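Let me begin by presenting the structure, written as structure tokens, before commenting on it.
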Number of protein chains: 2
Amino acid sequence: MRTYFDCIPCFVRQVLDSVRMTTDDEQIQEKVLREALYLGSKMDLSQSPPAMAQKIHRFIREITGVKDPYLEVKNRFNKLGLQMYPELKQQVETSADPLETAVRLAIAGNIIDFGVNSVIEQSQVEKAIAESLTEPLDMEAMEEFRDATSQAEDILYLGDNAGEIVFDRLLIEQLPYEKITFAVKGGPILNDATIEDAQIVGLTDIVNVIDNGSDAPGTILESCSEVFRRRFDKSDLIIAKGQGNFETLCDVDKNLIFMLKPKCVVLARHLGCEIGSLVLARANHSEFIERS
Amino acid sequence: MRTYFDCIPCFVRQVLDSVRMTTDDEQIQEKVLREALYLGSKMDLSQSPPAMAQKIHRFIREITGVKDPYLEVKNRFNKLGLQMYPELKQQVETSADPLETAVRLAIAGNIIDFGVNSVIEQSQVEKAIAESLTEPLDMEAMEEFRDATSQAEDILYLGDNAGEIVFDRLLIEQLPYEKITFAVKGGPILNDATIEDAQIVGLTDIVNVIDNGSDAPGTILESCSEVFRRRFDKSDLIIAKGQGNFETLCDVDKNLIFMLKPKCVVLARHLGCEIGSLVLARANHSEFIERS
């Protein structure tokens, strides 16, 4: 997905949020803001929004010397997810359709996204989880998901954020997980999950976890390691979580299923849905191809 | 008032709104957006937000060749104001305290501000007008306003937006208007009132109307004509309407009274009040001096 004009003010706001989270030094905040504006003035709008975010977040880490600005946030939401896990696990297993319930919860977990939101409260996560059980879900897409995951031989599951990956774990436990490889980011970027998060939430005990070798908040294939790209190529089904993975992969010609909660007007408009709704959709649906 | 970091994303959004209002040509929109980002990357944050807006709006007019992008909006709101005028005039005159009622209405009229808002509906203006009659107003400031306007010999009333100036007219009619000079902008900038608007709403029939010689969305004295600056200097009371006039004059050492509805978080925080509240306040109050 290209970067829309409306992404630009939002991008500037996101940079400000991020640098404030990283340092209280107003001189550094100003320097980062100016750099973001300068980069913005030259940016290639045919690239996806995460490409720009990748550049500026590298600059933030470089100038502040803080390697992982969202570490505390990531730990907090991993912990919250793990606290919620036992009850949700039971809820999934006792539900009429455990797979559908797990899909709903995994999408709901995508609310934990510090790229779009400046602040996320525990209550918002709990609300999203509770509401996801009754919110509309494309049931045709759900049946396609059921079929696709049972038929696929080699599934690559692209994770999004720390905390959220606990909800991915709930879903993975309902899938033929011996066929699944779970991918995390290659290095800290926003609150995106890295290998440490996968270990913390126990995903590494269940599935093979790899990192994609990239610090983009999405999956920009050219920015990923060759090892990851080979893994990506040979998978016959890719489950891609979150807005960043959608923005970077929606034009890629693979058997992709996206799961996300759209968190901004631009993406909601692009998808033709409401902000915060449960999106479960295949990439090769004509509506994506037309709109992309 | 200096430009806060939080003003920057909002400024970028405002530029996008403005250029979209001016032209449908996406190439021009992109060019303006890039120029705004570039200017932003170099901007002097010790200047007020309107200083930056002045620069970029000049660029928009230059690149699009559209001299007055908000002409239609200005005409629409002048018309709306004039439609509401007879009933409001009666309301003022039959109220227990006509001056207070007129002050409330004049502040409410400041909702018609296309710098902060992308879109304003007629219903929002009507709602602001209706609510202003019962909303909290600083009664101490109201008494100071009453005394100051009756004691002053030479009042300069700095208008803000087209449409809004109909509500200023209602107030001016309750004041000793022979002592009042009304100032408008020297050229088109956003939906700020110019001499044509003052003529349309009949202000020129009641008071002496001058223009300030500047195309900034506020009163940047260095940007104003010498004639205006002399008029500004010799006034013993200045009534300054709107957010732009506040942002550019709150640090100026004159007998100033501000009347506005704050329309953004940054200004509301600066003033220590709620967005949309009725602000009537003297500039030389210690809280302004401390915060500026």
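Lettering and numbering for the structure tokens are positional, with chains as A, B, ... in the shown order, residues counted from 1 in each chain, and ligands counted from 1 in the shown order.
Interface residues on chain B toward chain A (cut-off 8 Å, only C-alpha atoms): Phe5, Asp6, Ile8, Pro9, Cys10, Val12, Arg13, Leu16, Glu30, Leu33, Arg34, Glu35, Ala36, Leu37, Tyr38, Gly40, Ser41 and Lys42 of chain B.
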Output for the residues just chosen: N, CA and C atoms as a PDB file, in the first residue's frame:
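Once written, out-v9.pdb looks like this:
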```
ATOM      1  N   PHE B   5       5.767  21.674  19.951  1.00  0.00           N
ATOM      2  CA  PHE B   5       5.995  20.500  19.088  1.00  0.00           C
ATOM      3  C   PHE B   5       4.661  19.954  18.563  1.00  0.00           C
ATOM      4  N   ASP B   6       3.658  19.950  19.439  1.00  0.00           N
ATOM      5  CA  ASP B   6       2.357  19.394  19.040  1.00  0.00           C
ATOM      6  C   ASP B   6       1.671  20.210  17.945  1.00  0.00           C
ATOM      7  N   ILE B   8       3.111  21.012  15.246  1.00  0.00           N
ATOM      8  CA  ILE B   8       3.687  20.635  13.949  1.00  0.00           C
ATOM      9  C   ILE B   8       2.815  19.621  13.188  1.00  0.00           C
ATOM     10  N   PRO B   9       2.460  18.462  13.794  1.00  0.00           N
ATOM     11  CA  PRO B   9       1.573  17.566  13.048  1.00  0.00           C
ATOM     12  C   PRO B   9       0.271  18.250  12.640  1.00  0.00           C
ATOM     13  N   CYS B  10      -0.243  19.104  13.496  1.00  0.00           N
ATOM     14  CA  CYS B  10      -1.499  19.812  13.226  1.00  0.00           C
ATOM     15  C   CYS B  10      -1.304  20.778  12.058  1.00  0.00           C
ATOM     16  N   VAL B  12       0.817  20.390   9.604  1.00  0.00           N
ATOM     17  CA  VAL B  12       0.903  19.588   8.374  1.00  0.00           C
ATOM     18  C   VAL B  12      -0.509  19.205   7.911  1.00  0.00           C
ATOM     19  N   ARG B  13      -1.345  18.827   8.871  1.00  0.00           N
ATOM     20  CA  ARG B  13      -2.735  18.473   8.553  1.00  0.00           C
ATOM     21  C   ARG B  13      -3.484  19.682   7.979  1.00  0.00           C
ATOM     22  N   LEU B  16      -2.564  20.330   4.407  1.00  0.00           N
ATOM     23  CA  LEU B  16      -3.232  19.360   3.538  1.00  0.00           C
ATOM     24  C   LEU B  16      -4.687  19.769   3.292  1.00  0.00           C
ATOM     25  N   GLU B  30       0.865  17.406  -3.517  1.00  0.00           N
ATOM     26  CA  GLU B  30       2.094  16.775  -3.035  1.00  0.00           C
ATOM     27  C   GLU B  30       3.228  17.792  -2.921  1.00  0.00           C
ATOM     28  N   LEU B  33       2.677  19.898   0.143  1.00  0.00           N
ATOM     29  CA  LEU B  33       2.929  19.101   1.343  1.00  0.00           C
ATOM     30  C   LEU B  33       4.435  18.971   1.579  1.00  0.00           C
ATOM     31  N   ARG B  34       5.168  18.681   0.517  1.00  0.00           N
ATOM     32  CA  ARG B  34       6.632  18.552   0.642  1.00  0.00           C
ATOM     33  C   ARG B  34       7.266  19.883   1.060  1.00  0.00           C
ATOM     34  N   GLU B  35       6.773  20.976   0.480  1.00  0.00           N
ATOM     35  CA  GLU B  35       7.320  22.288   0.837  1.00  0.00           C
ATOM     36  C   GLU B  35       7.027  22.596   2.315  1.00  0.00           C
ATOM     37  N   ALA B  36       5.810  22.238   2.761  1.00  0.00           N
ATOM     38  CA  ALA B  36       5.444  22.480   4.161  1.00  0.00           C
ATOM     39  C   ALA B  36       6.352  21.688   5.089  1.00  0.00           C
ATOM     40  N   LEU B  37       6.638  20.444   4.720  1.00  0.00           N
ATOM     41  CA  LEU B  37       7.508  19.605   5.543  1.00  0.00           C
ATOM     42  C   LEU B  37       8.921  20.181   5.562  1.00  0.00           C
ATOM     43  N   TYR B  38       9.367  20.629   4.403  1.00  0.00           N
ATOM     44  CA  TYR B  38      10.714  21.199   4.322  1.00  0.00           C
ATOM     45  C   TYR B  38      10.795  22.475   5.163  1.00  0.00           C
ATOM     46  N   GLY B  40       8.921  23.228   7.595  1.00  0.00           N
ATOM     47  CA  GLY B  40       8.799  22.781   8.986  1.00  0.00           C
ATOM     48  C   GLY B  40      10.126  22.310   9.544  1.00  0.00           C
ATOM     49  N   SER B  41      10.895  21.651   8.712  1.00  0.00           N
ATOM     50  CA  SER B  41      12.180  21.103   9.191  1.00  0.00           C
ATOM     51  C   SER B  41      13.163  22.218   9.549  1.00  0.00           C
ATOM     52  N   LYS B  42      12.912  23.419   9.041  1.00  0.00           N
ATOM     53  CA  LYS B  42      13.837  24.553   9.282  1.00  0.00           C
ATOM     54  C   LYS B  42      13.188  25.638  10.154  1.00  0.00           C
TER      55      LYS B  42
END
```
Could you pull out the residues in stretch 141-175 of chain B that DSSP calls alpha helix (DSSP H) from the backbone, as a PDB file with C-alpha atoms, in the first residue's frame?
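Okay, out_3.pdb is ready:
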```pdb
ATOM      1  CA  ALA B 141     -13.256  39.452  33.244  1.00  0.00           C
ATOM      2  CA  MET B 142     -16.702  40.509  32.001  1.00  0.00           C
ATOM      3  CA  GLU B 143     -16.781  43.395  34.486  1.00  0.00           C
ATOM      4  CA  GLU B 144     -13.247  44.365  33.521  1.00  0.00           C
ATOM      5  CA  PHE B 145     -14.337  44.314  29.884  1.00  0.00           C
ATOM      6  CA  ARG B 146     -17.298  46.567  30.706  1.00  0.00           C
ATOM      7  CA  ASP B 147     -15.099  49.044  32.572  1.00  0.00           C
ATOM      8  CA  ALA B 148     -12.242  48.942  30.078  1.00  0.00           C
ATOM      9  CA  THR B 149     -14.465  49.567  27.063  1.00  0.00           C
ATOM     10  CA  SER B 150     -16.310  52.411  28.740  1.00  0.00           C
ATOM     11  CA  GLN B 151     -13.113  54.071  29.985  1.00  0.00           C
ATOM     12  CA  GLU B 164     -17.554  35.707  12.771  1.00  0.00           C
ATOM     13  CA  ILE B 165     -17.418  39.457  12.127  1.00  0.00           C
ATOM     14  CA  VAL B 166     -21.237  39.558  12.026  1.00  0.00           C
ATOM     15  CA  PHE B 167     -21.102  38.513  15.683  1.00  0.00           C
ATOM     16  CA  ASP B 168     -18.431  41.148  16.292  1.00  0.00           C
ATOM     17  CA  ARG B 169     -20.847  43.664  14.812  1.00  0.00           C
ATOM     18  CA  LEU B 170     -23.480  42.651  17.386  1.00  0.00           C
ATOM     19  CA  LEU B 171     -20.966  43.373  20.127  1.00  0.00           C
ATOM     20  CA  ILE B 172     -19.699  46.597  18.598  1.00  0.00           C
TER      21      ILE B 172
END
```
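Near stretch 53-61 of chain A, within 8 Å and counting only C-alpha atoms, sit Phe11, Val15, Val19, Val32, Glu35, Ala36, Leu39, Pro49, Pro50, Ala51, Ile63, Thr64, Gly65, Val66, Lys67, Asp68, Pro69, Ile189, Leu190, Asp215, Ala216 and Pro217 of chain A; same-chain residues fewer than 2 positions away were not included.
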| note | Judged by only C-alpha atoms, the minimum distance to A:Glu196 among A:Lys74, A:Lys263, A:Arg230, A:Arg282 is found for A:Lys74
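Every residue of stretch 74-268 of chain A with a DSSP assignment of strand (DSSP E or B), taken from the backbone, is listed as Ile155, Leu156, Tyr157, Leu158, Asn161, Ile180, Thr181, Phe182, Ala183, Val184, Asp192, Asn208, Val209, Ile210, Asp211, Leu237, Ile238, Ile239, Ala240, Lys241, Leu256, Ile257, Phe258, Met259 and Leu260 of chain A.
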